[in-house]
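Listing of work10.json; format and content: JSON, C-alpha atoms.
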[["chain", "number", "residue", "atom", "x", "y", "z"],
["A", 4, "MET", "CA", -83.80, -127.82, -131.59],
["A", 5, "PHE", "CA", -87.44, -127.37, -132.60],
["A", 6, "ALA", "CA", -88.42, -130.23, -130.26],
["A", 7, "ARG", "CA", -86.60, -128.58, -127.36],
["A", 8, "TYR", "CA", -88.23, -125.23, -128.11],
["A", 9, "LYS", "CA", -91.64, -126.89, -128.22],
["A", 10, "ARG", "CA", -90.96, -128.69, -124.93],
["A", 11, "ASN", "CA", -89.90, -125.44, -123.26],
["A", 12, "LYS", "CA", -93.03, -123.78, -124.59],
["A", 13, "ILE", "CA", -95.25, -126.49, -123.09],
["A", 14, "ILE", "CA", -93.47, -126.26, -119.73],
["A", 15, "ARG", "CA", -93.86, -122.49, -119.76],
["A", 16, "ARG", "CA", -97.58, -122.81, -120.48],
["A", 17, "LEU", "CA", -98.01, -125.28, -117.60],
["A", 18, "ILE", "CA", -96.22, -122.92, -115.23],
["A", 19, "THR", "CA", -98.50, -120.08, -116.30],
["A", 20, "ILE", "CA", -101.62, -122.21, -115.80],
["A", 21, "LEU", "CA", -100.45, -123.21, -112.31],
["A", 22, "ALA", "CA", -99.65, -119.57, -111.51],
["A", 23, "VAL", "CA", -103.04, -118.18, -112.58],
["A", 24, "THR", "CA", -104.86, -121.02, -110.78],
["A", 25, "ALA", "CA", -102.95, -120.40, -107.55],
["A", 26, "SER", "CA", -103.48, -116.65, -107.95],
["A", 27, "ALA", "CA", -107.25, -117.05, -108.46],
["A", 28, "LEU", "CA", -107.58, -119.40, -105.49],
["A", 29, "LEU", "CA", -105.63, -117.07, -103.18],
["A", 30, "GLN", "CA", -107.60, -114.07, -104.41],
["A", 31, "THR", "CA", -110.85, -115.89, -103.63],
["A", 32, "PHE", "CA", -109.55, -116.77, -100.17],
["A", 33, "VAL", "CA", -108.67, -113.14, -99.43],
["A", 34, "ILE", "CA", -112.03, -111.81, -100.65],
["A", 35, "GLN", "CA", -114.04, -114.28, -98.56],
["A", 36, "THR", "CA", -111.80, -114.38, -95.49],
["A", 37, "PHE", "CA", -110.60, -110.78, -95.10],
["A", 38, "ILE", "CA", -112.31, -108.32, -97.48],
["A", 39, "ARG", "CA", -116.02, -109.12, -97.20],
["A", 40, "PRO", "CA", -116.17, -109.82, -93.43],
["A", 41, "SER", "CA", -114.48, -106.48, -92.70],
["A", 42, "GLY", "CA", -116.44, -104.44, -95.22],
["A", 43, "LEU", "CA", -113.29, -103.55, -97.15],
["A", 44, "LEU", "CA", -113.01, -102.56, -100.79],
["A", 45, "SER", "CA", -110.18, -103.78, -103.00],
["A", 46, "GLY", "CA", -108.89, -101.85, -105.99],
["A", 47, "GLY", "CA", -109.54, -102.30, -109.69],
["A", 48, "PHE", "CA", -112.49, -104.02, -111.29],
["A", 49, "THR", "CA", -112.89, -106.45, -108.39],
["A", 50, "GLY", "CA", -113.39, -103.46, -106.11],
["A", 51, "ILE", "CA", -115.95, -101.98, -108.51],
["A", 52, "ALA", "CA", -117.88, -105.28, -108.54],
["A", 53, "ILE", "CA", -117.84, -105.34, -104.72],
["A", 54, "LEU", "CA", -119.00, -101.71, -104.60],
["A", 55, "ILE", "CA", -121.89, -102.39, -107.00],
["A", 56, "ASN", "CA", -122.96, -105.31, -104.81],
["A", 57, "ASP", "CA", -122.81, -103.14, -101.67],
["A", 58, "ILE", "CA", -124.88, -100.40, -103.32],
["A", 59, "ALA", "CA", -127.42, -102.96, -104.50],
["A", 60, "SER", "CA", -127.70, -104.31, -100.96],
["A", 61, "LEU", "CA", -128.76, -100.84, -99.73],
["A", 62, "TYR", "CA", -131.88, -101.17, -101.83],
["A", 63, "GLY", "CA", -132.62, -104.75, -100.87],
["A", 64, "GLY", "CA", -131.05, -106.26, -103.96],
["A", 65, "SER", "CA", -127.85, -108.10, -104.75],
["A", 66, "PHE", "CA", -125.26, -108.17, -107.49],
["A", 67, "SER", "CA", -123.03, -111.16, -108.11],
["A", 68, "ILE", "CA", -119.40, -110.21, -107.57],
["A", 69, "SER", "CA", -118.38, -113.14, -109.78],
["A", 70, "LEU", "CA", -120.59, -111.95, -112.62],
["A", 71, "GLY", "CA", -119.42, -108.37, -112.14],
["A", 72, "MET", "CA", -115.77, -109.36, -112.48],
["A", 73, "LEU", "CA", -116.51, -111.05, -115.81],
["A", 74, "VAL", "CA", -118.78, -108.31, -117.17],
["A", 75, "LEU", "CA", -116.21, -105.62, -116.39],
["A", 76, "ASN", "CA", -113.12, -107.50, -117.56],
["A", 77, "ILE", "CA", -114.18, -109.15, -120.82],
["A", 78, "PRO", "CA", -115.03, -106.00, -122.85],
["A", 79, "VAL", "CA", -111.84, -104.23, -121.72],
["A", 80, "ALA", "CA", -109.74, -107.28, -122.56],
["A", 81, "LEU", "CA", -111.25, -107.47, -126.05],
["A", 82, "LEU", "CA", -110.68, -103.76, -126.68],
["A", 83, "CYS", "CA", -107.07, -103.89, -125.51],
["A", 84, "SER", "CA", -106.11, -107.31, -126.91],
["A", 85, "ARG", "CA", -104.73, -105.94, -130.20],
["A", 86, "SER", "CA", -102.09, -103.95, -128.35],
["A", 87, "ILE", "CA", -101.35, -106.62, -125.74],
["A", 88, "SER", "CA", -99.89, -110.07, -126.20],
["A", 89, "PRO", "CA", -102.76, -112.49, -127.01],
["A", 90, "ARG", "CA", -101.17, -115.03, -124.69],
["A", 91, "PHE", "CA", -101.01, -112.51, -121.85],
["A", 92, "THR", "CA", -104.64, -111.49, -122.43],
["A", 93, "PHE", "CA", -105.84, -115.10, -122.58],
["A", 94, "TYR", "CA", -104.18, -116.20, -119.34],
["A", 95, "SER", "CA", -105.21, -112.99, -117.56],
["A", 96, "LEU", "CA", -108.82, -113.66, -118.52],
["A", 97, "MET", "CA", -108.33, -117.25, -117.41],
["A", 98, "GLN", "CA", -107.34, -115.93, -113.97],
["A", 99, "VAL", "CA", -110.50, -113.78, -113.86],
["A", 100, "PHE", "CA", -112.71, -116.72, -114.91],
["A", 101, "LEU", "CA", -111.15, -119.00, -112.30],
["A", 102, "ALA", "CA", -111.48, -116.40, -109.55],
["A", 103, "SER", "CA", -115.15, -115.93, -110.49],
["A", 104, "LEU", "CA", -115.70, -119.68, -110.46],
["A", 105, "PHE", "CA", -113.89, -120.17, -107.14],
["A", 106, "LEU", "CA", -116.03, -117.46, -105.53],
["A", 107, "LYS", "CA", -119.05, -119.62, -106.36],
["A", 108, "VAL", "CA", -117.50, -122.96, -105.45],
["A", 109, "PHE", "CA", -115.57, -122.23, -102.24],
["A", 110, "GLN", "CA", -116.79, -120.81, -98.96],
["A", 111, "PHE", "CA", -113.82, -119.75, -96.84],
["A", 112, "GLN", "CA", -114.55, -118.59, -93.31],
["A", 113, "PRO", "CA", -113.20, -115.44, -91.60],
["A", 114, "LEU", "CA", -110.06, -115.84, -89.47],
["A", 115, "PHE", "CA", -110.02, -112.60, -87.47],
["A", 116, "ASP", "CA", -112.53, -110.30, -85.81],
["A", 117, "ASP", "CA", -110.00, -107.47, -85.66],
["A", 118, "PRO", "CA", -110.33, -105.17, -88.73],
["A", 119, "MET", "CA", -106.66, -104.17, -88.58],
["A", 120, "LEU", "CA", -105.51, -107.80, -88.73],
["A", 121, "ASN", "CA", -107.79, -108.31, -91.74],
["A", 122, "VAL", "CA", -106.32, -105.23, -93.42],
["A", 123, "ILE", "CA", -102.70, -106.27, -92.82],
["A", 124, "PHE", "CA", -102.94, -109.97, -93.66],
["A", 125, "GLY", "CA", -105.55, -109.43, -96.37],
["A", 126, "GLY", "CA", -103.54, -106.68, -98.07],
["A", 127, "PHE", "CA", -100.37, -108.75, -97.98],
["A", 128, "LEU", "CA", -101.99, -111.92, -99.35],
["A", 129, "TYR", "CA", -103.93, -109.98, -102.00],
["A", 130, "GLY", "CA", -100.65, -108.50, -103.18],
["A", 131, "ILE", "CA", -99.12, -111.98, -103.25],
["A", 132, "SER", "CA", -102.01, -113.21, -105.42],
["A", 133, "ILE", "CA", -101.29, -110.45, -107.95],
["A", 134, "ALA", "CA", -97.54, -111.10, -107.84],
["A", 135, "ILE", "CA", -98.06, -114.83, -108.49],
["A", 136, "ALA", "CA", -100.06, -114.06, -111.64],
["A", 137, "LEU", "CA", -97.44, -111.55, -112.80],
["A", 138, "LYS", "CA", -94.61, -114.02, -112.19],
["A", 139, "GLY", "CA", -96.47, -116.46, -114.41],
["A", 140, "ASN", "CA", -96.58, -113.83, -117.21],
["A", 141, "ALA", "CA", -100.27, -113.10, -116.69],
["A", 142, "SER", "CA", -102.24, -110.69, -114.50],
["A", 143, "THR", "CA", -105.44, -110.40, -112.49],
["A", 144, "GLY", "CA", -107.01, -108.43, -115.33],
["A", 145, "GLY", "CA", -108.96, -105.22, -114.83],
["A", 146, "THR", "CA", -106.87, -102.06, -114.70],
["A", 147, "ASP", "CA", -103.78, -104.08, -115.73],
["A", 148, "PHE", "CA", -105.27, -104.33, -119.24],
["A", 149, "ILE", "CA", -105.86, -100.59, -119.44],
["A", 150, "ALA", "CA", -102.48, -99.64, -117.97],
["A", 151, "LEU", "CA", -100.57, -101.96, -120.28],
["A", 152, "TYR", "CA", -102.57, -100.87, -123.33],
["A", 153, "VAL", "CA", -101.86, -97.17, -122.69],
["A", 154, "SER", "CA", -98.23, -97.90, -121.86],
["A", 155, "ASN", "CA", -97.76, -99.74, -125.17],
["A", 156, "LYS", "CA", -99.47, -96.98, -127.12],
["A", 157, "THR", "CA", -97.92, -93.93, -125.49],
["A", 158, "GLY", "CA", -94.75, -95.21, -123.84],
["A", 159, "ARG", "CA", -95.94, -93.75, -120.53],
["A", 160, "SER", "CA", -97.03, -95.37, -117.29],
["A", 161, "ILE", "CA", -100.51, -94.46, -116.03],
["A", 162, "TRP", "CA", -100.36, -96.11, -112.61],
["A", 163, "GLU", "CA", -100.84, -92.72, -110.95],
["A", 164, "HIS", "CA", -104.10, -92.37, -112.90],
["A", 165, "VAL", "CA", -105.14, -95.88, -111.87],
["A", 166, "PHE", "CA", -104.48, -94.93, -108.26],
["A", 167, "ALA", "CA", -106.52, -91.74, -108.72],
["A", 168, "GLY", "CA", -109.40, -93.84, -110.09],
["A", 169, "ASN", "CA", -109.21, -96.11, -107.06],
["A", 170, "VAL", "CA", -109.32, -93.05, -104.80],
["A", 171, "VAL", "CA", -112.52, -91.87, -106.50],
["A", 172, "ILE", "CA", -114.10, -95.31, -106.00],
["A", 173, "LEU", "CA", -113.04, -95.29, -102.34],
["A", 174, "CYS", "CA", -114.50, -91.80, -101.85],
["A", 175, "ILE", "CA", -117.85, -93.03, -103.18],
["A", 176, "PHE", "CA", -117.53, -96.08, -100.92],
["A", 177, "GLY", "CA", -116.66, -93.93, -97.89],
["A", 178, "PHE", "CA", -119.52, -91.47, -98.52],
["A", 179, "MET", "CA", -122.08, -94.27, -98.73],
["A", 180, "PHE", "CA", -120.80, -96.77, -96.16],
["A", 181, "GLY", "CA", -118.63, -94.82, -93.75],
["A", 182, "TRP", "CA", -115.21, -93.22, -93.94],
["A", 183, "ILE", "CA", -113.67, -95.62, -91.46],
["A", 184, "TYR", "CA", -114.17, -98.45, -93.98],
["A", 185, "ALA", "CA", -112.71, -96.28, -96.74],
["A", 186, "GLY", "CA", -109.70, -95.57, -94.52],
["A", 187, "TYR", "CA", -109.16, -99.26, -93.86],
["A", 188, "SER", "CA", -109.53, -99.95, -97.59],
["A", 189, "ILE", "CA", -106.88, -97.36, -98.48],
["A", 190, "LEU", "CA", -104.49, -99.00, -96.01],
["A", 191, "PHE", "CA", -105.40, -102.39, -97.50],
["A", 192, "GLN", "CA", -104.55, -101.17, -101.01],
["A", 193, "PHE", "CA", -101.31, -99.58, -99.86],
["A", 194, "ILE", "CA", -100.11, -102.84, -98.29],
["A", 195, "SER", "CA", -101.22, -104.78, -101.36],
["A", 196, "THR", "CA", -99.40, -102.43, -103.74],
["A", 197, "ARG", "CA", -96.20, -102.45, -101.68],
["A", 198, "THR", "CA", -96.29, -106.24, -101.58],
["A", 199, "VAL", "CA", -96.58, -106.45, -105.37],
["A", 200, "SER", "CA", -93.71, -103.98, -105.77],
["A", 201, "SER", "CA", -91.53, -106.05, -103.44],
["A", 202, "PHE", "CA", -91.96, -109.23, -105.46],
["A", 203, "HIS", "CA", -92.49, -107.96, -109.01],
["A", 204, "HIS", "CA", -92.11, -104.71, -110.95],
["A", 205, "ARG", "CA", -95.10, -104.41, -113.22],
["A", 206, "TYR", "CA", -94.46, -104.34, -116.93],
["A", 207, "GLU", "CA", -91.01, -102.86, -117.03],
["A", 208, "ARG", "CA", -89.28, -102.70, -120.40],
["A", 209, "VAL", "CA", -86.04, -104.50, -121.08],
["A", 210, "THR", "CA", -83.49, -104.12, -123.87],
["A", 211, "LEU", "CA", -82.27, -107.27, -125.60],
["A", 212, "GLN", "CA", -78.79, -107.12, -127.11],
["A", 213, "ILE", "CA", -78.42, -110.14, -129.37],
["A", 214, "THR", "CA", -75.35, -111.58, -131.08],
["A", 215, "THR", "CA", -76.03, -114.14, -133.81],
["A", 216, "MET", "CA", -74.67, -115.49, -137.09],
["A", 217, "HIS", "CA", -78.20, -116.12, -138.40],
["A", 218, "ALA", "CA", -79.74, -112.67, -138.22],
["A", 219, "GLU", "CA", -82.20, -113.09, -141.07],
["A", 220, "THR", "CA", -83.72, -116.25, -139.59],
["A", 221, "VAL", "CA", -83.95, -114.79, -136.09],
["A", 222, "ILE", "CA", -85.46, -111.49, -137.27],
["A", 223, "LYS", "CA", -88.01, -113.23, -139.50],
["A", 224, "ALA", "CA", -89.23, -115.39, -136.62],
["A", 225, "TYR", "CA", -89.30, -112.43, -134.25],
["A", 226, "VAL", "CA", -91.24, -109.95, -136.39],
["A", 227, "LYS", "CA", -93.72, -112.65, -137.35],
["A", 228, "LYS", "CA", -94.82, -113.02, -133.73],
["A", 229, "TYR", "CA", -94.02, -109.69, -132.05],
["A", 230, "ARG", "CA", -94.87, -106.18, -133.18],
["A", 231, "HIS", "CA", -91.77, -104.42, -131.85],
["A", 232, "GLY", "CA", -89.01, -102.85, -133.89],
["A", 233, "ILE", "CA", -85.63, -104.53, -134.14],
["A", 234, "SER", "CA", -82.39, -103.18, -135.59],
["A", 235, "CYS", "CA", -79.46, -105.10, -137.07],
["A", 236, "VAL", "CA", -75.81, -104.19, -137.71],
["A", 237, "GLU", "CA", -72.94, -106.25, -139.04],
["A", 238, "ALA", "CA", -70.01, -107.05, -136.74],
["A", 239, "VAL", "CA", -66.89, -109.19, -136.52],
["A", 240, "GLY", "CA", -66.18, -111.50, -133.61],
["A", 241, "GLY", "CA", -63.16, -110.34, -131.63],
["A", 242, "TYR", "CA", -62.11, -113.90, -130.81],
["A", 243, "SER", "CA", -63.27, -115.88, -133.84],
["A", 244, "HIS", "CA", -62.91, -113.04, -136.41],
["A", 245, "LYS", "CA", -66.06, -114.40, -138.03],
["A", 246, "LYS", "CA", -68.80, -112.26, -139.46],
["A", 247, "MET", "CA", -71.83, -111.94, -137.18],
["A", 248, "TYR", "CA", -74.72, -109.60, -136.49],
["A", 249, "LEU", "CA", -75.79, -107.49, -133.53],
["A", 250, "LEU", "CA", -79.55, -107.17, -133.02],
["A", 251, "HIS", "CA", -81.21, -104.70, -130.73],
["A", 252, "THR", "CA", -84.82, -104.58, -129.57],
["A", 253, "VAL", "CA", -86.90, -103.41, -126.59],
["A", 254, "VAL", "CA", -89.72, -105.57, -125.20],
["A", 255, "SER", "CA", -91.96, -105.68, -122.13],
["A", 256, "SER", "CA", -90.67, -107.72, -119.23],
["A", 257, "TYR", "CA", -93.61, -110.13, -119.50],
["A", 258, "GLU", "CA", -92.57, -110.92, -123.10],
["A", 259, "ALA", "CA", -88.84, -111.31, -122.51],
["A", 260, "SER", "CA", -88.73, -115.03, -121.63],
["A", 261, "GLU", "CA", -90.85, -115.96, -124.66],
["A", 262, "VAL", "CA", -88.74, -113.83, -127.01],
["A", 263, "ILE", "CA", -85.52, -115.38, -125.69],
["A", 264, "ASP", "CA", -86.87, -118.92, -126.10],
["A", 265, "LEU", "CA", -88.03, -118.10, -129.63],
["A", 266, "MET", "CA", -84.63, -116.76, -130.66],
["A", 267, "ARG", "CA", -82.74, -119.62, -129.04],
["A", 268, "GLY", "CA", -85.00, -121.98, -130.94],
["A", 269, "GLU", "CA", -83.85, -120.37, -134.19],
["A", 270, "ASP", "CA", -80.18, -120.19, -133.23],
["A", 271, "PRO", "CA", -78.89, -122.44, -130.40],
["A", 272, "HIS", "CA", -75.58, -120.52, -130.29],
["A", 273, "ILE", "CA", -77.18, -117.11, -129.96],
["A", 274, "ILE", "CA", -75.97, -114.75, -127.22],
["A", 275, "ILE", "CA", -78.58, -112.51, -125.56],
["A", 276, "ASN", "CA", -77.86, -109.82, -123.01],
["A", 277, "VAL", "CA", -80.90, -108.50, -121.10],
["A", 278, "LEU", "CA", -80.69, -104.92, -119.82],
["A", 279, "LYS", "CA", -83.19, -102.97, -117.76],
["A", 280, "THR", "CA", -84.58, -100.01, -119.72],
["A", 281, "GLN", "CA", -84.98, -96.89, -117.59],
["A", 282, "ASN", "CA", -86.60, -94.66, -120.23],
["A", 283, "PHE", "CA", -87.93, -95.27, -123.70],
["A", 284, "TYR", "CA", -88.93, -92.72, -126.34],
["A", 285, "GLY", "CA", -90.52, -93.50, -129.67],
["A", 286, "SER", "CA", -92.94, -96.07, -131.02],
["A", 287, "PHE", "CA", -92.87, -99.16, -128.82],
["A", 288, "TYR", "CA", -95.67, -101.08, -130.54],
["A", 289, "GLN", "CA", -95.53, -101.22, -134.35],
["A", 290, "ALA", "CA", -98.66, -101.02, -136.48],
["A", 291, "PRO", "CA", -99.26, -103.97, -138.79],
["A", 292, "ILE", "CA", -97.71, -103.66, -142.24],
["A", 293, "GLY", "CA", -100.14, -103.35, -145.12]]
Write the structure described by the file as C-alpha cells, please.
Amino acid sequence: MFARYKRNKIIRRLITILAVTASALLQTFVIQTFIRPSGLLSGGFTGIAILINDIASLYGGSFSISLGMLVLNIPVALLCSRSISPRFTFYSLMQVFLASLFLKVFQFQPLFDDPMLNVIFGGFLYGISIAIALKGNASTGGTDFIALYVSNKTGRSIWEHVFAGNVVILCIFGFMFGWIYAGYSILFQFISTRTVSSFHHRYERVTLQITTMHAETVIKAYVKKYRHGISCVEAVGGYSHKKMYLLHTVVSSYEASEVIDLMRGEDPHIIINVLKTQNFYGSFYQAPIG
C-alpha cells in the first residue's frame, strides 16, 4: 500500500510539473503575441511588471518584465507560505520562474493587427493558462498567494478587493497611456476571468466525510501534514455491524486530492465522501501546537 501511495504521489507531481510548464509557456505566448503588441495590461503582478516597464519607457529606460515578475512574487510567496501549502507555493513559484525564463528564451510573433481580436483571443488563452495551473494544483502566483493567504486566515474571499486593485492599476495605466488601452485591458481581464471561472473555481472549500476502522492511524497521518481541524465520532456499520469511525474535516479544493491519497494510503478500505462547502465559519487554518 505504501508503494502504491508513493507511486500515485510521483504521478501527481509529474502532472503538476507538466501543468505549470504548459501554463508558463502559454502565458508567455499570450504576453508576446497579444498583450504587448496591442499595448494591453494584464492583471496581477504580471500586469504591474508590464506597467513598470511602460512607465520606464516614457523616460527612455526599460524594466525587465521577467525580473519584475520574480521580484514581486518571491517576497509575497515567502510571507504567505506558512499559511499556504508548501507544495502549492513551490509549484506556483515554479510557474513564475518558468514564465520569466520563457519570456527571455522565446520570441513569439503577433498574429493579429486588430486590437479586438487580440483582446478576445488573448483574454481567452490567458484565462486558459491560469486554469491549467489551477487544475495542476498550482497557480500563476501573484495575487493568488495573497487571496489564498487571507482566505485561510479569515475564512473570507477577497477577490472583489483583488479586482479593485486591478482597477486602480488600470486607471493609472489609462491616465498615462490612454483610456482606450485601459478599456481594452478591462475587457481582456473580464474575458480572462470568465474563462477561468468556466474551467475552474478558485480555491473552493470541500467537506470530507470519512468512514474508517483505523481512525487513529488516519488522523495521525493527516494532522502531521495538514493544519486543519478534524473531528471523530464512533459509529456502527449498518451492514457489517462492526465498530467504525466517522471523520469530518474541511479542506481547500487544491488540497483535496492529496488528502484523499494520504488517507487511502493509511487505510485502503476507507470510504470518503467529498461535498462542496457553501459557507464556512470558524478557524480554517490551525496554529501549530506548542
Original post:
Can you tell me, as a count of residues only, what residues are no more than 7 Å from Ser255 (chain A) when counting only C-alpha atoms, ignoring any on the same chain fewer than 3 positions away?
Top reply: 6
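For the atom pair formed by CA of Ile263 (chain A) and CA of His203 (chain A), the distance is 19.5 Å, given to one decimal.
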Subject >> Contacts of Gly125 (chain A) within 7 Å, all atoms listed in the file, excl. fewer than 3 positions in-chain, as a list in words >> reply: Val33, Phe37, Ile38, Asn121, Val122, Leu128 and Tyr129 of chain A
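Among the candidates A:Val108, A:Leu265, A:Leu70, A:Ile77, the residue lying nearest to Gln35 (chain A) is A:Val108 (atoms considered: all atoms listed in the file).
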Subject >> Within 12 Å of Lys223 (chain A) using only C-alpha atoms, minus same-chain residues under 4 positions, as a list in words >> reply: His217, Ala218, Glu219, Lys227, Lys228, Tyr229, Arg230, Gly232, Ile233, Leu265, Met266 and Glu269 of chain A
Subject >> Phe115 (chain A) surroundings by all atoms listed in the file, 10 Å radius, close-in-sequence under 3 positions cut, as a PyMOL selection string >> reply: chain A and resi 36-37+40-41+112+118-121+124
Write the residues you've just listed into a file as a compact mmCIF listing (two decimals), keeping the file's coordinate frame, and include C-alpha atoms for each of them.
# COMPACT_ATOMS: atom_id res chain seq x y z
CA THR A 36 -111.80 -114.38 -95.49
CA PHE A 37 -110.60 -110.78 -95.10
CA PRO A 40 -116.17 -109.82 -93.43
CA SER A 41 -114.48 -106.48 -92.70
CA GLN A 112 -114.55 -118.59 -93.31
CA PRO A 118 -110.33 -105.17 -88.73
CA MET A 119 -106.66 -104.17 -88.58
CA LEU A 120 -105.51 -107.80 -88.73
CA ASN A 121 -107.79 -108.31 -91.74
CA PHE A 124 -102.94 -109.97 -93.66
Subject >> Distance of CA of Gly268 (chain A) from CA of Ile20 (chain A), expressed in Å to one decimal place >> reply: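 Computing the Euclidean distance for CA of Ile20 (chain A) and CA of Gly268 (chain A) yields 22.5 Å.
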Could region 86-105 of chain A be completed with N, CA and C atoms and written as a PDB file, keeping the file's coordinate frame, please?
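Output file rebuild.pdb is given in full below:
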ATOM      1  N   SER A  86    -103.334-104.610-128.740  1.00  0.00           N
ATOM      2  CA  SER A  86    -102.090-103.950-128.350  1.00  0.00           C
ATOM      3  C   SER A  86    -101.374-104.690-127.221  1.00  0.00           C
ATOM      4  N   ILE A  87    -101.949-105.810-126.805  1.00  0.00           N
ATOM      5  CA  ILE A  87    -101.350-106.620-125.740  1.00  0.00           C
ATOM      6  C   ILE A  87    -101.144-108.023-126.282  1.00  0.00           C
ATOM      7  N   SER A  88    -100.145-108.696-125.784  1.00  0.00           N
ATOM      8  CA  SER A  88     -99.890-110.070-126.200  1.00  0.00           C
ATOM      9  C   SER A  88    -101.141-110.923-126.040  1.00  0.00           C
ATOM     10  N   PRO A  89    -101.585-111.618-127.109  1.00  0.00           N
ATOM     11  CA  PRO A  89    -102.760-112.490-127.010  1.00  0.00           C
ATOM     12  C   PRO A  89    -102.624-113.528-125.902  1.00  0.00           C
ATOM     13  N   ARG A  90    -101.404-114.047-125.747  1.00  0.00           N
ATOM     14  CA  ARG A  90    -101.170-115.030-124.690  1.00  0.00           C
ATOM     15  C   ARG A  90    -101.395-114.405-123.314  1.00  0.00           C
ATOM     16  N   PHE A  91    -100.851-113.210-123.116  1.00  0.00           N
ATOM     17  CA  PHE A  91    -101.010-112.510-121.850  1.00  0.00           C
ATOM     18  C   PHE A  91    -102.490-112.236-121.568  1.00  0.00           C
ATOM     19  N   THR A  92    -103.213-111.779-122.587  1.00  0.00           N
ATOM     20  CA  THR A  92    -104.640-111.490-122.430  1.00  0.00           C
ATOM     21  C   THR A  92    -105.418-112.748-122.096  1.00  0.00           C
ATOM     22  N   PHE A  93    -105.117-113.848-122.791  1.00  0.00           N
ATOM     23  CA  PHE A  93    -105.840-115.100-122.580  1.00  0.00           C
ATOM     24  C   PHE A  93    -105.671-115.609-121.150  1.00  0.00           C
ATOM     25  N   TYR A  94    -104.425-115.652-120.680  1.00  0.00           N
ATOM     26  CA  TYR A  94    -104.180-116.200-119.340  1.00  0.00           C
ATOM     27  C   TYR A  94    -104.650-115.243-118.247  1.00  0.00           C
ATOM     28  N   SER A  95    -104.652-113.944-118.521  1.00  0.00           N
ATOM     29  CA  SER A  95    -105.210-112.990-117.560  1.00  0.00           C
ATOM     30  C   SER A  95    -106.709-113.180-117.424  1.00  0.00           C
ATOM     31  N   LEU A  96    -107.380-113.376-118.560  1.00  0.00           N
ATOM     32  CA  LEU A  96    -108.820-113.660-118.520  1.00  0.00           C
ATOM     33  C   LEU A  96    -109.097-115.006-117.857  1.00  0.00           C
ATOM     34  N   MET A  97    -108.203-115.964-118.061  1.00  0.00           N
ATOM     35  CA  MET A  97    -108.330-117.250-117.410  1.00  0.00           C
ATOM     36  C   MET A  97    -108.296-117.083-115.886  1.00  0.00           C
ATOM     37  N   GLN A  98    -107.416-116.202-115.405  1.00  0.00           N
ATOM     38  CA  GLN A  98    -107.340-115.930-113.970  1.00  0.00           C
ATOM     39  C   GLN A  98    -108.659-115.338-113.477  1.00  0.00           C
ATOM     40  N   VAL A  99    -109.233-114.412-114.247  1.00  0.00           N
ATOM     41  CA  VAL A  99    -110.500-113.780-113.860  1.00  0.00           C
ATOM     42  C   VAL A  99    -111.626-114.819-113.837  1.00  0.00           C
ATOM     43  N   PHE A 100    -111.684-115.675-114.865  1.00  0.00           N
ATOM     44  CA  PHE A 100    -112.710-116.720-114.910  1.00  0.00           C
ATOM     45  C   PHE A 100    -112.588-117.664-113.722  1.00  0.00           C
ATOM     46  N   LEU A 101    -111.362-118.081-113.413  1.00  0.00           N
ATOM     47  CA  LEU A 101    -111.150-119.000-112.300  1.00  0.00           C
ATOM     48  C   LEU A 101    -111.515-118.358-110.966  1.00  0.00           C
ATOM     49  N   ALA A 102    -111.133-117.093-110.785  1.00  0.00           N
ATOM     50  CA  ALA A 102    -111.480-116.400-109.550  1.00  0.00           C
ATOM     51  C   ALA A 102    -112.997-116.292-109.399  1.00  0.00           C
ATOM     52  N   SER A 103    -113.689-116.007-110.511  1.00  0.00           N
ATOM     53  CA  SER A 103    -115.150-115.930-110.490  1.00  0.00           C
ATOM     54  C   SER A 103    -115.768-117.280-110.152  1.00  0.00           C
ATOM     55  N   LEU A 104    -115.211-118.332-110.734  1.00  0.00           N
ATOM     56  CA  LEU A 104    -115.700-119.680-110.460  1.00  0.00           C
ATOM     57  C   LEU A 104    -115.444-120.073-109.008  1.00  0.00           C
ATOM     58  N   PHE A 105    -114.244-119.798-108.515  1.00  0.00           N
ATOM     59  CA  PHE A 105    -113.890-120.170-107.140  1.00  0.00           C
ATOM     60  C   PHE A 105    -114.746-119.436-106.115  1.00  0.00           C
TER      61      PHE A 105
END
